[in-house]
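A.B. asks: Pasting a structure here, questions to come.
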Amino acid sequence: MITYKDIIKPENLVYRRTPLLTQKTLSFCPGCGHGTVHRLIMEVVEEMNIQQDTIGIAPVGCSVLAYEFMDIDMQQAAHGRATALATALSRLMPNKYVFTYQGDGDLAAIGTAETIHACNRGENFIIIFINNGIYGMTGGQMAPTTIPDMITTTSPYGRDTKIMGNPLKITELVAQLPGTCYVTRQSVHTPNNVRKTKKAIRNAFEYIKQKKGTCFIEVVSNCPSGWRMTPLQANKWMEENMFKHYPLGDLKVPSNENVKQ
Amino acid sequence: MSEVKLMKGNEAFAEALIRAGTDAYFGYPITPQSEVVEYLMSQKPYETTGMVVLQCESEVAAINMCYGGAGAGFKVATSSSSPGISLKQEGISYLAGAELPALILNVARGGPGLGTIQPAQSDYFQATKGGGHGDYRLFVLAPSSVQEMADFVPLAFDVAFKYRNPAMILSDGIIGQMMEKVTLFEPIPRRSLEQIEKECPWATTGKKPNRERNIITSLDLDPISQEKHVMKLKEKYEKMQAELRYEEINTDDAEYLIVAYGSSARICHKVVSIARKQGLKVGLLRPITLFPFPYKRINELANKVKHILVTELSLGQMVEDVKLAVEGKVPVYFYGRTGGAIYTPVEILEYLKTKL
Ligand SMILES: Cc1ncc(C[n+]2csc(CCOP(=O)(O)OP(=O)(O)O)c2C)c(N)n1
Ligand code: SF4
């Protein structure tokens with residue numbers, strides 16, 4: 001009879017938790033995309049063997065405690081200012097890998113100026129942008145990326161674009177700036193999408209190694225708590241509604257001749 | 001090599017940054033301090049010492065760039081004038097909360113609001129009582145000459161790194177814009193990354209296998225441990241009393257004491273010499289550090305003099321600290337001009353004479 005001892009063998013190992021995630025239990029709500037993206041970043045850092053050279057920045061938002069989960073040197077930034085910190089870090093230590101991890105309120109509302117100017121200067125770091133269309137941490141208020149008619153605590157009858165403005169497609173905006181080298185929009189709601197997002201993160205770290213300029217990865221994500229849905233409902237709603245406004249795929253990739261392999 | 005030059009206060013500050021081995025400067029233009037970033041750009045230290053110089057998109061970005069650089073143990077500086085310093089306050093509070101060393105220069109101007117580009121000392125409260133939110137203090141130096149605009153740069157960095165706390169040089173449009181002879185100190189090389197890692201074991205330069213990860217944060221959601229953290233800051237501010245600096249002129253036999261700092265002290269120095277010629281025994285105490293403040297010394301002098309006059313280019317801010325120091329022993333008078341207007345020595349002396 002085959003016992004578990006026969007199965008747990010190195011040659012049978014297909015997946016394991018990366019040691020670059022700490023033992024601490026994630027503080028995110030069940031089904032939230034944040035945890036998955038945390039894991040993917042740490043897996044890429046592990047695979048590239050660059051833990052010693054990677055510095056992460058997490059500003060205010062649900063992921064403010066990222067430093068409790070990622071076993072790398074990290075800085076916690078003021079709301080909206082992660083790319084300012086990253087600008088200094090990447091300029092002062094040009095051979096290190098610097099990334100920011102920001103929500104939509106952080107990156108596309110209060111931090112819009114810092115986001116656009118860092119991308120425009122072509123600062124050599126990675127921006128991971130979690131777009132869940134809502135302010136998760138503060139309890140589900142409207143975000144700059146909230147889609148029309150979406151209900152939030154500050155748009156309780158749905159986002160009325162006549163009064164509240166339109167969703168800001170900041171990823172399309174930064175893709176036009178000469179400083180960005182790689183701009184892509186992904187999601188982590190299915191295994192296939194998780195794989196694609198991981199590939200995108202890996203690409204970004206490789207481009208940073210080649211000092212190609214700002215890499216911008218938007219992850220269209222969910223917020224089951226803020227959206228008042230179950231995780232499954234949230235993912236379905238995201239597919240049916242968010243992707244219309246935020247279609248997945250690459251917006252900008254470095255041209256082939258520039259990529260040193 | 002030390003060198004003698006004729007320079008504006010702002011230029012002397014900028015030159016001192018390069019000489020002090022500063023790793024990065026982040027700024028945004030505003031009168032009367034734009035010469036700082038202009039001078040740095042003209043000198044191109046990024047080609048010589050490797051110092052990063054960046055004109056940023058805003059003062060908010062500049063102070064947060066300082067936070068990032070400081071978090072990795074680098075010597076970072078920013079400068080601005082009053083309205084820009086207001087914008088930096090959230091970032092300064094974060095620096096203090098996360099216990100990061102950084103140098104901030106305020107070449108103050110008249111206000112409130114957009115105010116005027118003319119000099120003023122109305123940012124004293126903001127500099128010495130916190131300025132941003134929360135329980136914290138800055139180490140604050142008040143230069144009264146172009147020489148001090150240069151000399152205070154390495155001093156401020158030393159104290160900032162010693163206590164892991166932001167330091168501010170509170171200057172104004174007079175000191176920033178005036179030209180004087182300045183003896184520039186010998187350049188100190190920038191530290192290597194290895195040196196930084198040795199001197200600042202807390203710096204986020206990348207986690208080495210032989211240590212735990214480093215985290216720069218001011219967040220602690222648990223009130224009891226947040227209180228512990230703030231109490232630790234308090235102890236640090238108490239220890240910082242050791243950095244107290246002040247200057248006394250003719251206080252030995254003084255019957256009347258003037259307390260003034262920065263550009264006002266410069267003007268009051270003249271008041272003292274005119275008064276002495278007229279046979280009036282006037283002395284001057286100039287606080288060089290505004291935090292820590294020379295409460296004790298002022299209290300001692302209050303035992304000897306008939307009254308104390310505080311002059312400031314404001315509606316009266318430091319005067320509150322002088323009154324606290326004096327504990328009602330003698331009358332404390334105030335003479336101020338504000339909004340960018342400046343008093344003459346004679347004007348101050350005339351006022352002093354009405355109080356004899
Ligand atoms: C200056 C400032 N303003 C407001 C806040 C409160 N605040 C904290 S997080 C947040 C929004 C977070 O939303 P988002 O960036 O989308 O991240 P999420 O929590 O959804 O992951 C706000 C408004 C703050 N901490 N600082
Ligand atoms: S509030 Fe939303 S974004 Fe924040 S952890 Fe919960 S589900 Fe995730």
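Residues in the structure tokens are named by chain (A, B, ... in the order shown) and by number from 1 within that chain; ligands are numbered from 1 in the order shown.
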Please identify the residues whose atoms come within 10 Å of ligand 1, using only C-alpha atoms and all ligand atoms, and report them as a VMD selection string.
C.D. replies: (chain A and resid 28 32 to 34 59 to 64 77 to 81 101 to 111 129 to 146 221 to 223 226) or (chain B and resid 90 to 91)
A.B. asks: Go ahead and save the picked residues with N, CA and C atoms, as a compact mmCIF listing (two decimals), in the first residue's frame.
C.D. replies:
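Dumped to out_33.txt:
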```txt
# COMPACT_ATOMS: atom_id res chain seq x y z
N PHE A 28 -4.82 39.45 4.99
CA PHE A 28 -5.84 39.83 4.01
C PHE A 28 -7.11 38.99 4.18
N CYS A 32 -8.87 37.38 -1.22
CA CYS A 32 -8.29 38.63 -1.72
C CYS A 32 -7.06 38.36 -2.59
N GLY A 33 -6.93 39.11 -3.66
CA GLY A 33 -5.81 38.91 -4.58
C GLY A 33 -4.45 39.35 -4.06
N HIS A 34 -4.44 40.22 -3.06
CA HIS A 34 -3.17 40.74 -2.53
C HIS A 34 -2.19 39.62 -2.19
N PRO A 59 3.26 51.34 0.52
CA PRO A 59 2.67 52.52 1.16
C PRO A 59 1.39 52.14 1.89
N VAL A 60 0.68 53.15 2.36
CA VAL A 60 -0.56 52.91 3.08
C VAL A 60 -1.60 52.28 2.15
N GLY A 61 -2.34 51.36 2.67
CA GLY A 61 -3.35 50.60 1.92
C GLY A 61 -3.41 49.24 2.58
N CYS A 62 -4.24 48.33 2.06
CA CYS A 62 -4.36 47.02 2.69
C CYS A 62 -3.02 46.30 2.76
N SER A 63 -2.11 46.64 1.84
CA SER A 63 -0.83 45.94 1.81
C SER A 63 0.25 46.67 2.59
N VAL A 64 -0.17 47.58 3.48
CA VAL A 64 0.82 48.35 4.24
C VAL A 64 1.73 47.44 5.07
N ALA A 77 5.84 53.44 3.14
CA ALA A 77 5.79 54.82 2.66
C ALA A 77 4.50 55.51 3.07
N ALA A 78 4.54 56.84 3.07
CA ALA A 78 3.32 57.62 3.28
C ALA A 78 2.38 57.37 2.10
N HIS A 79 1.11 57.62 2.31
CA HIS A 79 0.07 57.35 1.30
C HIS A 79 0.39 58.07 -0.01
N GLY A 80 0.63 57.31 -1.05
CA GLY A 80 0.86 57.89 -2.37
C GLY A 80 2.30 58.12 -2.76
N ARG A 81 3.23 57.93 -1.83
CA ARG A 81 4.60 58.41 -2.09
C ARG A 81 5.61 57.30 -2.38
N TYR A 101 4.69 48.57 -4.29
CA TYR A 101 3.49 47.73 -4.31
C TYR A 101 2.35 48.64 -3.85
N GLN A 102 1.51 49.08 -4.79
CA GLN A 102 0.57 50.15 -4.47
C GLN A 102 -0.87 49.84 -4.89
N GLY A 103 -1.80 50.32 -4.10
CA GLY A 103 -3.21 50.21 -4.44
C GLY A 103 -3.62 51.33 -5.38
N ASP A 104 -4.90 51.27 -5.82
CA ASP A 104 -5.33 52.26 -6.81
C ASP A 104 -5.54 53.64 -6.19
N GLY A 105 -6.02 53.67 -4.95
CA GLY A 105 -6.17 54.96 -4.30
C GLY A 105 -4.81 55.60 -4.12
N ASP A 106 -3.89 54.78 -3.72
CA ASP A 106 -2.54 55.25 -3.46
C ASP A 106 -1.86 55.74 -4.74
N LEU A 107 -1.91 54.95 -5.77
CA LEU A 107 -1.13 55.22 -6.99
C LEU A 107 -1.83 56.20 -7.93
N ALA A 108 -3.18 56.12 -7.96
CA ALA A 108 -3.88 56.88 -9.00
C ALA A 108 -4.71 58.05 -8.46
N ALA A 109 -4.71 58.24 -7.12
CA ALA A 109 -5.40 59.42 -6.57
C ALA A 109 -4.34 60.29 -5.89
N ILE A 110 -4.05 59.97 -4.64
CA ILE A 110 -3.16 60.85 -3.86
C ILE A 110 -1.73 60.85 -4.42
N GLY A 111 -1.33 59.76 -5.06
CA GLY A 111 0.05 59.67 -5.55
C GLY A 111 0.19 59.87 -7.05
N PHE A 129 0.89 47.48 -9.30
CA PHE A 129 -0.28 48.31 -9.08
C PHE A 129 -1.50 47.40 -8.93
N ILE A 130 -2.02 47.32 -7.72
CA ILE A 130 -3.18 46.46 -7.47
C ILE A 130 -4.46 47.30 -7.63
N ASN A 131 -5.16 47.04 -8.72
CA ASN A 131 -6.38 47.80 -9.00
C ASN A 131 -7.59 46.97 -8.62
N ASN A 132 -8.15 47.29 -7.43
CA ASN A 132 -9.37 46.60 -7.03
C ASN A 132 -10.58 47.53 -7.07
N GLY A 133 -10.39 48.70 -7.66
CA GLY A 133 -11.53 49.60 -7.89
C GLY A 133 -12.14 50.17 -6.64
N ILE A 134 -11.41 50.10 -5.54
CA ILE A 134 -12.01 50.55 -4.27
C ILE A 134 -10.91 50.85 -3.26
N TYR A 135 -11.24 51.61 -2.23
CA TYR A 135 -10.32 51.79 -1.10
C TYR A 135 -10.61 50.66 -0.11
N GLY A 136 -9.75 49.64 -0.14
CA GLY A 136 -10.00 48.50 0.74
C GLY A 136 -9.76 48.84 2.20
N MET A 137 -8.60 49.40 2.48
CA MET A 137 -8.18 49.55 3.86
C MET A 137 -9.10 50.43 4.69
N THR A 138 -9.63 51.47 4.06
CA THR A 138 -10.45 52.41 4.83
C THR A 138 -11.92 52.03 4.81
N GLY A 139 -12.25 50.87 4.23
CA GLY A 139 -13.61 50.36 4.38
C GLY A 139 -14.50 50.45 3.16
N GLY A 140 -13.90 50.57 1.97
CA GLY A 140 -14.72 50.43 0.76
C GLY A 140 -15.25 51.72 0.15
N GLN A 141 -14.47 52.78 0.24
CA GLN A 141 -14.88 54.02 -0.41
C GLN A 141 -14.54 53.99 -1.91
N MET A 142 -15.08 54.96 -2.64
CA MET A 142 -14.83 55.05 -4.08
C MET A 142 -13.36 55.35 -4.34
N ALA A 143 -12.83 54.69 -5.36
CA ALA A 143 -11.44 54.92 -5.77
C ALA A 143 -11.45 55.63 -7.13
N PRO A 144 -10.31 56.16 -7.56
CA PRO A 144 -10.28 56.76 -8.90
C PRO A 144 -10.61 55.74 -9.99
N THR A 145 -10.40 54.46 -9.68
CA THR A 145 -10.60 53.39 -10.67
C THR A 145 -11.98 52.72 -10.55
N THR A 146 -12.79 53.17 -9.60
CA THR A 146 -14.14 52.60 -9.44
C THR A 146 -14.89 52.76 -10.76
N SER A 221 -7.66 43.35 -9.63
CA SER A 221 -7.87 42.42 -8.53
C SER A 221 -9.23 42.64 -7.89
N ASN A 222 -9.50 41.81 -6.89
CA ASN A 222 -10.81 41.88 -6.26
C ASN A 222 -10.69 42.46 -4.85
N CYS A 223 -11.83 42.77 -4.29
CA CYS A 223 -11.87 43.15 -2.88
C CYS A 223 -13.19 42.62 -2.34
N GLY A 226 -14.73 44.79 0.46
CA GLY A 226 -15.18 46.11 0.05
C GLY A 226 -16.33 46.05 -0.94
N GLU B 90 4.14 66.32 6.42
CA GLU B 90 3.75 64.91 6.61
C GLU B 90 5.00 64.02 6.51
N GLY B 91 5.82 64.34 5.52
CA GLY B 91 7.05 63.55 5.31
C GLY B 91 8.02 63.69 6.47
```
A.B. asks: Using DSSP assignments from the backbone, pull out every residue in stretch 146-180 of chain A that falls under alpha helix (DSSP H) and give it to me as JSON, numbers by chain.
C.D. replies: {"A": [161, 162, 163, 164, 170, 171, 172, 173, 174, 175]}
A.B. asks: With a distance threshold of 8 Å and counting only C-alpha atoms, extract the residues of chain A near chain B and express them as a list of chain:residue names.
C.D. replies: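 For chain A, the answer reads A:Gln51, A:Gln52, A:Asp53, A:Thr54, A:Ile55, A:Tyr67, A:Asp71, A:Ile72, A:Asp73, A:Met74, A:Gln75, A:Gln76, A:Ala77, A:Ala78, A:Arg81, A:Ala84, A:Leu85, A:Ala86, A:Thr87, A:Ala88, A:Leu89, A:Arg91, A:Leu92, A:Lys96, A:Ala113, A:Glu114, A:His117.
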A.B. asks: I want to know what sits within 9 Å of A:Cys215, based on only C-alpha atoms, with residues of the same chain fewer than 3 positions away left out; could you give that as a VMD selection string?
C.D. replies: chain A and resid 119 122 to 128 180 to 184 203 to 205 207 to 208 212
A.B. asks: Given the selection you just returned, output its residues as a file containing N, CA and C atoms, formatted as a compact mmCIF listing (two decimals), in the first residue's frame.
C.D. replies:
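What follows is the written file part_22.txt:
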```txt
# COMPACT_ATOMS: atom_id res chain seq x y z
N CYS A 119 7.48 57.63 -13.70
CA CYS A 119 7.40 56.93 -15.00
C CYS A 119 7.98 57.81 -16.10
N GLY A 122 11.55 57.79 -16.18
CA GLY A 122 12.08 56.47 -16.52
C GLY A 122 12.91 55.88 -15.40
N GLU A 123 12.48 56.11 -14.17
CA GLU A 123 13.23 55.58 -13.02
C GLU A 123 13.30 54.06 -13.14
N ASN A 124 14.44 53.51 -12.79
CA ASN A 124 14.66 52.08 -13.01
C ASN A 124 14.14 51.25 -11.83
N PHE A 125 12.83 51.15 -11.71
CA PHE A 125 12.25 50.26 -10.71
C PHE A 125 10.90 49.74 -11.20
N ILE A 126 10.35 48.82 -10.41
CA ILE A 126 9.08 48.17 -10.79
C ILE A 126 7.94 48.72 -9.96
N ILE A 127 6.84 49.01 -10.62
CA ILE A 127 5.63 49.42 -9.91
C ILE A 127 4.62 48.29 -10.07
N ILE A 128 4.21 47.72 -8.94
CA ILE A 128 3.14 46.72 -8.96
C ILE A 128 1.89 47.44 -8.47
N THR A 180 8.64 54.73 -19.48
CA THR A 180 8.25 53.35 -19.15
C THR A 180 8.75 52.41 -20.23
N CYS A 181 9.24 51.24 -19.80
CA CYS A 181 9.74 50.30 -20.80
C CYS A 181 8.80 49.12 -20.95
N TYR A 182 8.07 48.85 -19.88
CA TYR A 182 7.19 47.67 -19.90
C TYR A 182 5.93 48.00 -19.12
N VAL A 183 4.79 47.93 -19.80
CA VAL A 183 3.52 48.23 -19.15
C VAL A 183 2.54 47.11 -19.51
N THR A 184 2.01 46.49 -18.48
CA THR A 184 1.13 45.35 -18.74
C THR A 184 0.00 45.30 -17.72
N ASN A 203 9.54 39.16 -16.03
CA ASN A 203 10.01 40.05 -17.11
C ASN A 203 10.47 41.38 -16.54
N ALA A 204 9.66 41.93 -15.67
CA ALA A 204 9.96 43.26 -15.13
C ALA A 204 11.31 43.24 -14.39
N PHE A 205 11.52 42.23 -13.57
CA PHE A 205 12.79 42.15 -12.84
C PHE A 205 13.97 42.01 -13.82
N TYR A 207 14.06 43.25 -16.88
CA TYR A 207 14.27 44.56 -17.52
C TYR A 207 15.00 45.51 -16.57
N ILE A 208 14.67 45.42 -15.28
CA ILE A 208 15.32 46.28 -14.30
C ILE A 208 16.81 45.93 -14.24
N LYS A 212 16.42 49.16 -18.02
CA LYS A 212 15.67 49.64 -19.17
C LYS A 212 14.65 50.73 -18.85
```
A.B. asks: Residues within 8 Å of B:Gln317, please, as a ChimeraX atom specification. Count only C-alpha atoms; anything in the same chain fewer than 2 positions from it doesn't count.
C.D. replies: /B:122,124-125,312,314-315,319-321
A.B. asks: Ranking A:Pro254, A:Gly179, A:Pro231, A:Pro19 by minimum distance to ligand 2 and counting only C-alpha atoms and all ligand atoms, which one comes first?
C.D. replies: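 Answer, going by the shortest atom-to-atom distance: A:Pro231.
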A.B. asks: Report the residues of stretch 24-220 of chain A whose backbone DSSP state falls under strand (DSSP E or B), written as a VMD selection string.
C.D. replies: chain A and resid 54 to 59 70 73 to 77 97 to 103 126 to 131 134 to 135 141 to 142 152 155 180 to 187 214 to 220
A.B. asks: B:Tyr136: which residues within 12 Å, counting only C-alpha atoms, same-chain residues fewer than 5 positions away excluded, as a PyMOL selection string?
C.D. replies: chain B and resi 89-90+92-99+126-131+165-167+229-238+291
A.B. asks: Which neighbours of stretch 254-264 of chain B fall inside 9 Å, counting only C-alpha atoms, when residues of the same chain fewer than 4 positions from it are skipped, and could you give them as a PyMOL selection string?
C.D. replies: chain B and resi 121+142-145+170-175+250+268-269+272+280-290+298+301-302+304-313+318-319+322+342-343+352+356
A.B. asks: Hey, which of B:Thr338, B:Arg211, B:Ile249, B:Leu138 ends up closest to B:Arg266? Count only C-alpha atoms.
C.D. replies: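 Of the candidates, the smallest distance to B:Arg266 is held by B:Ile249.
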